[in-house]
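Chemist: Just so it is clear, I am handing over query05.json, which has JSON, C-alpha atoms.
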```json
[["chain", "number", "residue", "atom", "x", "y", "z"],
["E", 1, "MET", "CA", -3.86, -44.28, 32.69],
["E", 2, "ASN", "CA", -0.80, -45.24, 30.72],
["E", 3, "ARG", "CA", -0.80, -46.34, 27.14],
["E", 4, "GLU", "CA", 2.10, -47.52, 25.03],
["E", 5, "TRP", "CA", 2.47, -45.51, 21.85],
["E", 6, "PRO", "CA", 3.41, -47.38, 18.73],
["E", 7, "GLU", "CA", 6.61, -46.14, 17.14],
["E", 8, "MET", "CA", 4.75, -45.05, 14.04],
["E", 9, "GLY", "CA", 1.19, -43.94, 14.45],
["E", 10, "THR", "CA", -1.63, -43.88, 11.98],
["E", 11, "THR", "CA", -1.72, -41.06, 9.51],
["E", 12, "ASP", "CA", -4.52, -38.95, 8.11],
["E", 13, "GLU", "CA", -5.21, -38.15, 4.45],
["E", 14, "LEU", "CA", -2.47, -35.51, 4.49],
["E", 15, "GLY", "CA", 0.07, -38.01, 5.79],
["E", 16, "ARG", "CA", 0.17, -36.43, 9.22],
["E", 17, "ASP", "CA", 0.82, -38.60, 12.21],
["E", 18, "ILE", "CA", -2.54, -38.22, 13.94],
["E", 19, "GLU", "CA", -1.28, -38.46, 17.50],
["E", 20, "ILE", "CA", 1.68, -36.18, 16.92],
["E", 21, "ALA", "CA", -0.63, -33.75, 15.16],
["E", 22, "GLN", "CA", -2.99, -33.79, 18.13],
["E", 23, "ALA", "CA", -0.11, -33.09, 20.46],
["E", 24, "LEU", "CA", 1.21, -30.27, 18.28],
["E", 25, "TRP", "CA", -2.20, -28.68, 18.16],
["E", 26, "LEU", "CA", -1.68, -27.75, 21.81],
["E", 27, "ILE", "CA", 0.94, -25.24, 20.75],
["E", 28, "ASP", "CA", -1.16, -23.84, 17.92],
["E", 29, "PRO", "CA", -2.36, -20.36, 18.95],
["E", 30, "THR", "CA", -5.86, -21.27, 17.75],
["E", 31, "HIS", "CA", -6.05, -23.79, 20.54],
["E", 32, "ARG", "CA", -6.28, -20.96, 23.06],
["E", 33, "ASP", "CA", -7.66, -18.20, 20.87],
["E", 34, "PRO", "CA", -9.99, -19.09, 17.99],
["E", 35, "ASN", "CA", -9.65, -15.61, 16.46],
["E", 36, "TYR", "CA", -5.87, -15.57, 16.66],
["E", 37, "TRP", "CA", -5.14, -15.82, 12.93],
["E", 38, "MET", "CA", -7.69, -13.16, 12.10],
["E", 39, "ARG", "CA", -5.97, -10.78, 14.52],
["E", 40, "PHE", "CA", -2.57, -11.81, 13.19],
["E", 41, "ARG", "CA", -3.66, -10.99, 9.65],
["E", 42, "SER", "CA", -5.20, -7.65, 10.59],
["E", 43, "TRP", "CA", -2.00, -6.67, 12.42],
["E", 44, "VAL", "CA", 0.10, -7.49, 9.37],
["E", 45, "MET", "CA", -2.28, -5.70, 7.04],
["E", 46, "SER", "CA", -2.39, -2.56, 9.18],
["E", 47, "GLY", "CA", 1.42, -2.59, 9.41],
["E", 48, "ALA", "CA", 1.66, -2.94, 5.64],
["E", 49, "ALA", "CA", -1.10, -0.44, 4.81],
["E", 50, "ARG", "CA", 1.17, 2.38, 3.68],
["E", 51, "GLU", "CA", 3.36, 0.18, 1.48],
["E", 52, "LEU", "CA", 0.32, -1.56, 0.01],
["E", 53, "ALA", "CA", -1.29, 1.80, -0.83],
["E", 54, "ARG", "CA", 1.91, 2.92, -2.55],
["E", 55, "ARG", "CA", 2.10, -0.28, -4.57],
["E", 56, "ARG", "CA", -1.56, -0.04, -5.55],
["E", 57, "MET", "CA", -0.96, 3.47, -6.85],
["E", 58, "VAL", "CA", 2.05, 2.38, -8.86],
["E", 59, "ALA", "CA", 0.23, -0.64, -10.24],
["E", 60, "ARG", "CA", -2.74, 1.47, -11.30],
["E", 61, "LEU", "CA", -0.68, 3.77, -13.53],
["E", 62, "THR", "CA", -1.21, 2.66, -17.14],
["E", 63, "VAL", "CA", -0.17, 4.36, -20.39],
["E", 64, "GLY", "CA", -3.61, 5.93, -20.53],
["E", 65, "ASP", "CA", -3.18, 7.28, -17.00],
["E", 66, "VAL", "CA", 0.16, 8.85, -17.91],
["E", 67, "VAL", "CA", -1.34, 10.45, -21.04],
["E", 68, "GLN", "CA", -4.31, 11.65, -19.02],
["E", 69, "SER", "CA", -2.11, 13.15, -16.34],
["E", 70, "TRP", "CA", -0.15, 14.94, -19.06],
["E", 71, "ALA", "CA", -3.39, 16.01, -20.73],
["E", 72, "ARG", "CA", -4.34, 18.02, -17.65],
["E", 73, "THR", "CA", -1.60, 20.50, -18.43],
["E", 74, "LEU", "CA", -1.13, 19.74, -22.08],
["E", 75, "VAL", "CA", -4.68, 20.39, -23.29],
["E", 76, "PRO", "CA", -5.07, 23.93, -21.86],
["E", 77, "THR", "CA", -1.59, 24.80, -23.10],
["E", 78, "ALA", "CA", -2.40, 23.46, -26.55],
["E", 79, "LEU", "CA", -5.70, 25.34, -26.62],
["E", 80, "LEU", "CA", -3.97, 28.56, -25.61],
["E", 81, "ALA", "CA", -1.30, 28.02, -28.24],
["E", 82, "ALA", "CA", -3.94, 27.32, -30.90],
["E", 83, "ALA", "CA", -5.87, 30.45, -29.99],
["E", 84, "LEU", "CA", -2.71, 32.51, -30.11],
["E", 85, "ALA", "CA", -1.75, 31.03, -33.47],
["E", 86, "GLY", "CA", -5.24, 31.69, -34.84],
["E", 87, "LEU", "CA", -5.08, 35.27, -33.72],
["E", 88, "LEU", "CA", -1.71, 35.76, -35.31],
["E", 89, "LEU", "CA", -2.88, 34.11, -38.51],
["E", 90, "TRP", "CA", -6.02, 36.25, -38.67],
["E", 91, "ARG", "CA", -3.98, 39.36, -38.14],
["E", 92, "GLY", "CA", -1.66, 38.27, -40.95],
["E", 93, "PHE", "CA", -4.53, 38.22, -43.51],
["E", 94, "ALA", "CA", -6.32, 41.36, -42.27],
["E", 95, "PRO", "CA", -6.24, 44.40, -44.67],
["E", 96, "VAL", "CA", -3.71, 47.01, -43.87],
["E", 97, "PRO", "CA", -5.47, 50.15, -42.62],
["E", 98, "MET", "CA", -5.77, 52.84, -45.34],
["E", 99, "SER", "CA", -6.57, 56.51, -45.29],
["E", 100, "VAL", "CA", -9.78, 57.94, -46.87],
["E", 101, "GLU", "CA", -7.92, 59.27, -49.89],
["E", 102, "GLU", "CA", -6.34, 55.92, -50.49],
["E", 103, "LEU", "CA", -9.74, 54.24, -50.22],
["E", 104, "LEU", "CA", -11.17, 56.61, -52.87],
["E", 105, "VAL", "CA", -8.58, 55.73, -55.47],
["E", 106, "SER", "CA", -7.91, 52.16, -54.53],
["E", 107, "GLU", "CA", -8.54, 49.59, -57.27],
["E", 108, "ILE", "CA", -8.98, 52.42, -59.83],
["E", 109, "GLU", "CA", -6.59, 52.30, -62.68],
["E", 110, "GLY", "CA", -4.32, 55.18, -62.58],
["E", 111, "GLU", "CA", -5.13, 57.04, -65.81],
["E", 112, "THR", "CA", -4.02, 60.51, -66.76],
["E", 113, "ILE", "CA", -6.58, 63.25, -67.45],
["E", 114, "PRO", "CA", -5.67, 63.53, -71.14],
["E", 115, "VAL", "CA", -6.37, 59.86, -71.60],
["E", 116, "MET", "CA", -9.70, 60.21, -69.85],
["E", 117, "ALA", "CA", -10.65, 63.20, -71.98],
["E", 118, "SER", "CA", -9.57, 61.67, -75.28],
["E", 119, "PRO", "CA", -12.24, 61.48, -78.04],
["E", 120, "ALA", "CA", -12.38, 57.68, -77.77],
["E", 121, "ARG", "CA", -13.21, 57.81, -74.09],
["E", 122, "THR", "CA", -15.61, 60.75, -74.33],
["E", 123, "ARG", "CA", -17.58, 59.32, -77.25],
["E", 124, "GLU", "CA", -19.51, 56.95, -75.06],
["E", 125, "ALA", "CA", -20.44, 59.78, -72.76],
["E", 126, "VAL", "CA", -21.69, 61.85, -75.70],
["E", 127, "ILE", "CA", -23.74, 58.91, -77.00],
["E", 128, "PHE", "CA", -25.17, 58.42, -73.55],
["E", 129, "ALA", "CA", -26.07, 62.13, -73.34],
["E", 130, "VAL", "CA", -27.68, 62.11, -76.77],
["E", 131, "GLU", "CA", -29.76, 59.05, -75.92],
["E", 132, "ALA", "CA", -30.75, 60.42, -72.59],
["E", 133, "PHE", "CA", -31.74, 63.83, -73.69],
["Y", 1, "MET", "CA", -4.00, -13.53, -0.14],
["Y", 2, "LEU", "CA", -0.38, -14.26, 0.67],
["Y", 3, "VAL", "CA", -0.65, -13.48, 4.40],
["Y", 4, "GLU", "CA", -3.55, -15.86, 4.85],
["Y", 5, "ARG", "CA", -1.78, -18.60, 2.94],
["Y", 6, "TYR", "CA", 1.57, -18.38, 4.69],
["Y", 7, "GLN", "CA", 0.78, -17.05, 8.17],
["Y", 8, "ARG", "CA", 0.60, -20.46, 9.82],
["Y", 9, "PRO", "CA", 3.76, -21.91, 8.23],
["Y", 10, "ALA", "CA", 5.59, -18.66, 8.94],
["Y", 11, "TYR", "CA", 4.57, -18.89, 12.57],
["Y", 12, "ALA", "CA", 5.54, -22.58, 12.72],
["Y", 13, "VAL", "CA", 9.00, -21.87, 11.32],
["Y", 14, "ALA", "CA", 9.44, -18.91, 13.66],
["Y", 15, "LEU", "CA", 8.33, -21.02, 16.62],
["Y", 16, "SER", "CA", 10.74, -23.76, 15.66],
["Y", 17, "VAL", "CA", 13.58, -21.25, 15.88],
["Y", 18, "THR", "CA", 12.52, -19.09, 18.83],
["Y", 19, "GLY", "CA", 10.63, -21.66, 20.88],
["Y", 20, "ARG", "CA", 8.41, -18.93, 22.33],
["Y", 21, "HIS", "CA", 4.99, -17.87, 21.22],
["Y", 22, "GLU", "CA", 5.48, -14.12, 21.45],
["Y", 23, "ASP", "CA", 8.84, -14.17, 19.71],
["Y", 24, "ALA", "CA", 7.44, -16.40, 16.99],
["Y", 25, "GLN", "CA", 4.50, -14.07, 16.54],
["Y", 26, "ASP", "CA", 6.76, -10.98, 16.31],
["Y", 27, "ALA", "CA", 9.18, -12.66, 13.92],
["Y", 28, "ALA", "CA", 6.42, -13.96, 11.66],
["Y", 29, "GLN", "CA", 4.58, -10.64, 11.53],
["Y", 30, "GLU", "CA", 7.75, -8.64, 10.92],
["Y", 31, "SER", "CA", 8.80, -11.08, 8.23],
["Y", 32, "PHE", "CA", 5.66, -10.36, 6.23],
["Y", 33, "LEU", "CA", 6.40, -6.62, 6.37],
["Y", 34, "VAL", "CA", 10.03, -7.19, 5.37],
["Y", 35, "ALA", "CA", 8.91, -9.47, 2.53],
["Y", 36, "LEU", "CA", 6.53, -6.82, 1.28],
["Y", 37, "ASP", "CA", 9.25, -4.18, 1.33],
["Y", 38, "ARG", "CA", 11.66, -6.42, -0.56],
["Y", 39, "LEU", "CA", 9.17, -8.07, -2.86],
["Y", 40, "GLU", "CA", 11.21, -7.09, -5.92],
["Y", 41, "GLU", "CA", 14.02, -9.34, -4.66],
["Y", 42, "CYS", "CA", 11.80, -12.41, -5.04],
["Y", 43, "ARG", "CA", 12.41, -13.11, -8.71],
["Y", 44, "SER", "CA", 9.82, -15.80, -9.31],
["Y", 45, "PRO", "CA", 6.39, -15.96, -7.66],
["Y", 46, "GLU", "CA", 6.53, -19.75, -7.30],
["Y", 47, "ARG", "CA", 9.57, -19.36, -5.05],
["Y", 48, "PHE", "CA", 7.80, -16.90, -2.76],
["Y", 49, "GLY", "CA", 7.13, -19.50, -0.05],
["Y", 50, "GLY", "CA", 10.75, -20.59, 0.25],
["Y", 51, "TRP", "CA", 11.94, -17.01, 0.07],
["Y", 52, "LEU", "CA", 9.53, -15.98, 2.84],
["Y", 53, "MET", "CA", 10.58, -18.91, 5.03],
["Y", 54, "THR", "CA", 14.21, -17.82, 4.68],
["Y", 55, "ILE", "CA", 13.24, -14.34, 5.87],
["Y", 56, "VAL", "CA", 11.28, -15.84, 8.77],
["Y", 57, "ARG", "CA", 14.21, -18.02, 9.82],
["Y", 58, "ASN", "CA", 16.66, -15.12, 9.65],
["Y", 59, "ARG", "CA", 14.37, -12.74, 11.53],
["Y", 60, "SER", "CA", 13.73, -15.39, 14.17],
["Y", 61, "LYS", "CA", 17.43, -16.05, 14.64],
["Y", 62, "ASN", "CA", 18.08, -12.33, 14.96],
["Y", 63, "LEU", "CA", 15.30, -12.05, 17.51],
["Y", 64, "VAL", "CA", 16.69, -14.91, 19.55],
["Y", 65, "ARG", "CA", 20.11, -13.31, 19.52],
["Y", 66, "ARG", "CA", 18.70, -9.93, 20.54],
["Y", 67, "GLU", "CA", 16.29, -11.11, 23.18],
["Y", 68, "SER", "CA", 17.86, -14.23, 24.53],
["Y", 69, "LEU", "CA", 17.29, -13.15, 28.10],
["Y", 70, "ARG", "CA", 13.77, -11.91, 27.64],
["Y", 71, "ALA", "CA", 11.24, -13.63, 29.85],
["Y", 72, "THR", "CA", 7.72, -13.67, 28.48],
["Y", 73, "ASP", "CA", 4.37, -14.99, 29.42],
["Y", 74, "GLU", "CA", 3.50, -17.63, 26.88],
["Y", 75, "VAL", "CA", -0.16, -16.75, 26.81],
["Y", 76, "PRO", "CA", -0.81, -14.05, 24.22],
["Y", 77, "PRO", "CA", -2.76, -10.97, 25.34],
["Y", 78, "GLY", "CA", -6.48, -11.24, 24.89],
["Y", 79, "THR", "CA", -6.34, -15.00, 24.92],
["Y", 80, "ARG", "CA", -9.46, -16.68, 26.12],
["Y", 81, "SER", "CA", -9.18, -20.15, 27.54],
["Y", 82, "ARG", "CA", -11.73, -22.67, 26.45],
["Y", 83, "ILE", "CA", -10.64, -25.14, 29.07],
["Y", 84, "PRO", "CA", -13.36, -25.28, 31.67],
["Y", 85, "THR", "CA", -11.75, -26.60, 34.81],
["Y", 86, "PRO", "CA", -8.61, -25.58, 36.67],
["Y", 87, "ASP", "CA", -7.45, -29.20, 36.75],
["Y", 88, "ARG", "CA", -7.74, -29.50, 33.00],
["Y", 89, "MET", "CA", -5.97, -26.19, 32.58],
["Y", 90, "THR", "CA", -3.10, -27.42, 34.68],
["Y", 91, "GLU", "CA", -2.88, -30.68, 32.76],
["Y", 92, "THR", "CA", -2.94, -28.92, 29.42],
["Y", 93, "ARG", "CA", -0.36, -26.38, 30.51],
["Y", 94, "GLU", "CA", 1.91, -29.17, 31.70],
["Y", 95, "LEU", "CA", 1.45, -31.10, 28.52],
["Y", 96, "ARG", "CA", 2.13, -28.02, 26.45],
["Y", 97, "ALA", "CA", 5.30, -27.32, 28.41],
["Y", 98, "LEU", "CA", 6.38, -30.90, 27.98],
["Y", 99, "LEU", "CA", 5.68, -30.82, 24.28],
["Y", 100, "LYS", "CA", 7.57, -27.58, 23.83],
["Y", 101, "GLN", "CA", 10.51, -28.98, 25.70],
["Y", 102, "ALA", "CA", 10.44, -32.11, 23.55],
["Y", 103, "LEU", "CA", 10.35, -29.94, 20.45],
["Y", 104, "MET", "CA", 13.19, -27.75, 21.65],
["Y", 105, "ASP", "CA", 15.30, -30.85, 22.23],
["Y", 106, "LEU", "CA", 15.05, -31.63, 18.52],
["Y", 107, "PRO", "CA", 17.50, -30.17, 16.01],
["Y", 108, "GLU", "CA", 16.07, -27.01, 14.47],
["Y", 109, "VAL", "CA", 15.59, -28.51, 11.04],
["Y", 110, "GLN", "CA", 13.62, -31.46, 12.49],
["Y", 111, "ARG", "CA", 11.51, -29.05, 14.50],
["Y", 112, "GLN", "CA", 10.65, -27.08, 11.37],
["Y", 113, "ILE", "CA", 9.84, -30.20, 9.40],
["Y", 114, "VAL", "CA", 7.63, -31.81, 12.00],
["Y", 115, "LEU", "CA", 5.73, -28.55, 12.55],
["Y", 116, "LEU", "CA", 5.26, -27.90, 8.85],
["Y", 117, "HIS", "CA", 4.22, -31.49, 8.18],
["Y", 118, "ASP", "CA", 2.25, -32.66, 11.18],
["Y", 119, "LEU", "CA", 0.87, -29.30, 12.31],
["Y", 120, "GLU", "CA", 0.43, -27.44, 9.03],
["Y", 121, "GLY", "CA", -0.17, -30.41, 6.74],
["Y", 122, "TRP", "CA", 2.51, -29.55, 4.18],
["Y", 123, "LYS", "CA", 3.65, -32.34, 1.89],
["Y", 124, "HIS", "CA", 7.22, -33.64, 1.86],
["Y", 125, "ARG", "CA", 7.81, -32.11, -1.55],
["Y", 126, "GLU", "CA", 6.55, -28.68, -0.45],
["Y", 127, "ILE", "CA", 8.78, -28.72, 2.64],
["Y", 128, "ALA", "CA", 11.75, -29.85, 0.56],
["Y", 129, "ASP", "CA", 11.16, -26.96, -1.85],
["Y", 130, "ARG", "CA", 10.61, -24.38, 0.86],
["Y", 131, "LEU", "CA", 13.56, -25.43, 3.00],
["Y", 132, "ASP", "CA", 15.76, -26.22, 0.03],
["Y", 133, "LEU", "CA", 16.40, -29.80, 1.12],
["Y", 134, "PRO", "CA", 16.21, -33.12, -0.75],
["Y", 135, "CYS", "CA", 12.87, -34.87, -0.34],
["Y", 136, "GLY", "CA", 14.50, -37.96, 1.17],
["Y", 137, "THR", "CA", 16.18, -35.82, 3.80],
["Y", 138, "VAL", "CA", 12.83, -34.32, 4.75],
["Y", 139, "ARG", "CA", 11.31, -37.80, 5.17],
["Y", 140, "SER", "CA", 14.25, -38.91, 7.26],
["Y", 141, "HIS", "CA", 14.14, -35.84, 9.51],
["Y", 142, "LEU", "CA", 10.40, -36.25, 9.94],
["Y", 143, "HIS", "CA", 10.82, -39.88, 10.95],
["Y", 144, "PHE", "CA", 13.42, -39.07, 13.59],
["Y", 145, "ALA", "CA", 11.48, -36.07, 14.86],
["Y", 146, "ARG", "CA", 8.31, -38.11, 15.32],
["Y", 147, "LYS", "CA", 10.23, -40.86, 17.05],
["Y", 148, "ALA", "CA", 11.82, -38.41, 19.45],
["Y", 149, "LEU", "CA", 8.49, -36.74, 20.22],
["Y", 150, "ARG", "CA", 6.83, -40.07, 20.84],
["Y", 151, "ASN", "CA", 9.61, -41.11, 23.19],
["Y", 152, "ALA", "CA", 9.31, -37.85, 25.09],
["Y", 153, "LEU", "CA", 5.54, -37.90, 25.33],
["Y", 154, "GLN", "CA", 4.99, -41.55, 26.11],
["Y", 155, "SER", "CA", 7.04, -41.23, 29.27],
["Y", 156, "VAL", "CA", 4.31, -39.08, 30.75],
["Y", 157, "PRO", "CA", 1.36, -40.99, 32.21],
["Y", 158, "GLY", "CA", -1.93, -40.41, 30.44],
["Y", 159, "VAL", "CA", -0.59, -38.14, 27.74],
["Y", 160, "PRO", "CA", -2.56, -39.55, 24.79],
["Y", 161, "GLU", "CA", -5.81, -39.36, 26.73],
["Y", 162, "MET", "CA", -5.04, -35.81, 27.82],
["Y", 163, "MET", "CA", -4.42, -34.83, 24.23],
["Y", 164, "ARG", "CA", -7.68, -36.28, 23.08],
["Y", 165, "ALA", "CA", -9.54, -34.60, 25.91],
["Y", 166, "ALA", "CA", -7.91, -31.26, 25.24],
["Y", 167, "PRO", "CA", -10.23, -28.90, 23.38]]
```
Could you spell out this file's structure in structure tokens?

Modeler:
Amino acid sequence: MNREWPEMGTTDELGRDIEIAQALWLIDPTHRDPNYWMRFRSWVMSGAARELARRRMVARLTVGDVVQSWARTLVPTALLAAALAGLLLWRGFAPVPMSVEELLVSEIEGETIPVMASPARTREAVIFAVEAF
Amino acid sequence: MLVERYQRPAYAVALSVTGRHEDAQDAAQESFLVALDRLEECRSPERFGGWLMTIVRNRSKNLVRRESLRATDEVPPGTRSRIPTPDRMTETRELRALLKQALMDLPEVQRQIVLLHDLEGWKHREIADRLDLPCGTVRSHLHFARKALRNALQSVPGVPEMMRAAP
């Protein structure tokens, strides 16, 4: 059955020529395969998977991530350095080892025997002896 | 998602250049991968559509040059026909062949415009932006493309009825 087509057909809400659009739909892959675009998309996505993963990784890196990645090596190193510095500091304030003789006379004023046996120094000892006995 | 948004127009543009389903499919799919690789070259996101269509056109033209002698089955693998009877299948196949021939007789730019407008539902302004053409030129091309398609299709007996009956 023949039908004369008007030169300009009616259009839909998108401004498409309805009859031309119907004709063109015959060459749309969906016409023969309803899942075509889903397969198309999955093919593209699987082809782009590696690049997408790389871009996701790059996009995820924030300032915090960079600091954190540095912290993994920086914190143990800093702790080790602090411990080493503490040890060195503690060793710096530690008393120098002394011999027994040195210990016996350390912090004792160096006085000569005559001074120690002078009447002024011995008087207290005599008073103490008198009081005690 | 960019693929979902632009897959149909990308295919339409590729088909308008290659004229063959499988070539259009390959060109459109490869264009998305190329676009992803070169995404930094697209300086403004709002120009992505036009930039992608340029890639699709270039890839399609390269494909046509490379595979000009390739003979392919138009039916994609895994395609299931929803047309119930052999007679209807034959009619639809003939109509499709006729339509494709009518499209291929159009200048490439008219083919792109009529596919983007009447198949994909893009507005004149969108097509003008994407194809980098003045809006008036798009309207003019669309008018002449429709007229040519109508002339080609109305010469075949029963075409409008076949189209309506086609699933």

Chemist: Can you list, as JSON, numbers by chain, every protein, DNA or RNA residue that comes within 6 Å of region 126-137 of chain Y when you count all atoms listed in the file, leaving out same-chain residues fewer than 3 positions away?

Modeler: {"Y": [50, 123, 140]}

Chemist: Kindly save the residues from that selection, with C-alpha atoms included, as an mmCIF file, in the coordinates of the input.

Modeler:
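The resulting again_7.cif:
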```cif
data_model
loop_
_atom_site.group_PDB
_atom_site.id
_atom_site.type_symbol
_atom_site.label_atom_id
_atom_site.label_comp_id
_atom_site.auth_asym_id
_atom_site.auth_seq_id
_atom_site.Cartn_x
_atom_site.Cartn_y
_atom_site.Cartn_z
ATOM 1 C CA GLY Y 50 10.750 -20.590 0.250
ATOM 2 C CA LYS Y 123 3.650 -32.340 1.890
ATOM 3 C CA SER Y 140 14.250 -38.910 7.260
#
```

Chemist: CA of His117 (chain Y) and CA of Val44 (chain E), how far apart in Å?

Modeler: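 These two atoms are separated by 24.4 Å.
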
Chemist: Out of Y:Leu63, Y:Leu39, Y:Val138, Y:Leu119, which residue has the shortest atom-to-atom distance to chain E when counting all atoms listed in the file?

Modeler: Y:Leu119

Chemist: What does the distance from CA of His21 (chain Y) to CA of Lys100 (chain Y) come to in Å, to one decimal?

Modeler: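 CA of Lys100 (chain Y) lies at a distance of 10.4 Å from CA of His21 (chain Y).
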
Chemist: For each of Y:Glu91, Y:Ala145, Y:Pro45, Y:Arg59, take the minimum atom-to-atom distance to Gln112 (chain Y), counting only C-alpha atoms, then give the residue where this is smallest.

Modeler: Y:Ala145

Chemist: Chain E near chain Y within 9 Å: what's each residue's closest atom pair and its distance in Å to one decimal, counting all atoms listed in the file, ordered by chain then ascending residue number, as a Markdown table?

Modeler:
```
| residue | atom | partner | partner_atom | distance |
| --- | --- | --- | --- | --- |
| E:Met1 | CA | Y:Gly158 | CA | 4.9 |
| E:Asn2 | CA | Y:Gly158 | CA | 5.0 |
| E:Arg3 | CA | Y:Gly158 | CA | 6.9 |
| E:Glu4 | CA | Y:Gln154 | CA | 6.7 |
| E:Trp5 | CA | Y:Gln154 | CA | 6.3 |
| E:Pro6 | CA | Y:Arg150 | CA | 8.3 |
| E:Glu7 | CA | Y:Lys147 | CA | 6.4 |
| E:Met8 | CA | Y:Lys147 | CA | 7.5 |
| E:Leu14 | CA | Y:Gly121 | CA | 6.0 |
| E:Gly15 | CA | Y:Gly121 | CA | 7.7 |
| E:Arg16 | CA | Y:Asp118 | CA | 4.7 |
| E:Asp17 | CA | Y:Asp118 | CA | 6.2 |
| E:Ile18 | CA | Y:Asp118 | CA | 7.8 |
| E:Glu19 | CA | Y:Pro160 | CA | 7.5 |
| E:Ile20 | CA | Y:Asp118 | CA | 6.8 |
| E:Ala21 | CA | Y:Asp118 | CA | 5.0 |
| E:Gln22 | CA | Y:Met163 | CA | 6.4 |
| E:Ala23 | CA | Y:Met163 | CA | 6.0 |
| E:Leu24 | CA | Y:Leu119 | CA | 6.1 |
| E:Trp25 | CA | Y:Leu119 | CA | 6.6 |
| E:Leu26 | CA | Y:Arg96 | CA | 6.0 |
| E:Ile27 | CA | Y:Arg96 | CA | 6.5 |
| E:Asp28 | CA | Y:Leu119 | CA | 8.1 |
| E:Pro29 | CA | Y:His21 | CA | 8.1 |
| E:His31 | CA | Y:Pro167 | CA | 7.2 |
| E:Arg32 | CA | Y:Ser81 | CA | 5.4 |
| E:Asp33 | CA | Y:Thr79 | CA | 5.3 |
| E:Pro34 | CA | Y:Arg80 | CA | 8.5 |
| E:Tyr36 | CA | Y:Thr79 | CA | 8.3 |
| E:Trp37 | CA | Y:Gln7 | CA | 7.7 |
| E:Met38 | CA | Y:Glu4 | CA | 8.8 |
| E:Phe40 | CA | Y:Gln29 | CA | 7.4 |
| E:Arg41 | CA | Y:Val3 | CA | 6.5 |
| E:Trp43 | CA | Y:Gln29 | CA | 7.7 |
| E:Val44 | CA | Y:Gln29 | CA | 5.9 |
| E:Met45 | CA | Y:Val3 | CA | 8.4 |
| E:Gly47 | CA | Y:Leu33 | CA | 7.1 |
| E:Ala48 | CA | Y:Leu33 | CA | 6.0 |
| E:Glu51 | CA | Y:Asp37 | CA | 7.3 |
| E:Leu52 | CA | Y:Leu36 | CA | 8.2 |
```

Chemist: Can you tell me how far CA of His141 (chain Y) sits from CA of Gln110 (chain Y), in Å to one decimal?

Modeler: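 Those two atoms sit 5.3 Å apart.
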
Chemist: Would you please work out which residue, of Y:Gly49, Y:Leu98, Y:Ala14, Y:Met1, is nearest to Asn62 (chain Y) when using all atoms listed in the file?

Modeler: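 Among the listed residues, Y:Ala14 lies closest to Asn62 (chain Y).
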
Chemist: Name the closest residue to Glu22 (chain Y) among the candidates Y:Glu67, Y:Arg57, Y:Arg111, Y:Leu106; distances are taken between atoms, counting only C-alpha atoms.

Modeler: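 For Glu22 (chain Y), the nearest of the candidates is Y:Glu67.
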
Chemist: Could you rebuild region 30-41 of chain Y with N, CA and C atoms and give it back as a compact mmCIF listing (two decimals), in the frame of the given file?

Modeler:
```txt
# COMPACT_ATOMS: atom_id res chain seq x y z
N GLU Y 30 6.73 -9.53 11.51
CA GLU Y 30 7.75 -8.64 10.92
C GLU Y 30 8.24 -9.18 9.58
N SER Y 31 8.31 -10.48 9.47
CA SER Y 31 8.80 -11.08 8.23
C SER Y 31 7.89 -10.76 7.06
N PHE Y 32 6.59 -10.72 7.31
CA PHE Y 32 5.66 -10.36 6.23
C PHE Y 32 5.91 -8.92 5.78
N LEU Y 33 6.16 -8.03 6.73
CA LEU Y 33 6.40 -6.62 6.37
C LEU Y 33 7.72 -6.48 5.61
N VAL Y 34 8.73 -7.22 6.07
CA VAL Y 34 10.03 -7.19 5.37
C VAL Y 34 9.87 -7.75 3.95
N ALA Y 35 9.13 -8.85 3.84
CA ALA Y 35 8.91 -9.47 2.53
C ALA Y 35 8.21 -8.50 1.59
N LEU Y 36 7.25 -7.78 2.12
CA LEU Y 36 6.53 -6.82 1.28
C LEU Y 36 7.45 -5.70 0.80
N ASP Y 37 8.31 -5.24 1.70
CA ASP Y 37 9.25 -4.18 1.33
C ASP Y 37 10.23 -4.63 0.26
N ARG Y 38 10.62 -5.91 0.36
CA ARG Y 38 11.66 -6.42 -0.56
C ARG Y 38 11.09 -7.32 -1.64
N LEU Y 39 9.84 -7.15 -1.95
CA LEU Y 39 9.17 -8.07 -2.86
C LEU Y 39 9.87 -8.17 -4.21
N GLU Y 40 10.51 -7.08 -4.63
CA GLU Y 40 11.21 -7.09 -5.92
C GLU Y 40 12.37 -8.09 -5.93
N GLU Y 41 12.89 -8.40 -4.73
CA GLU Y 41 14.02 -9.34 -4.66
C GLU Y 41 13.60 -10.78 -4.94
```
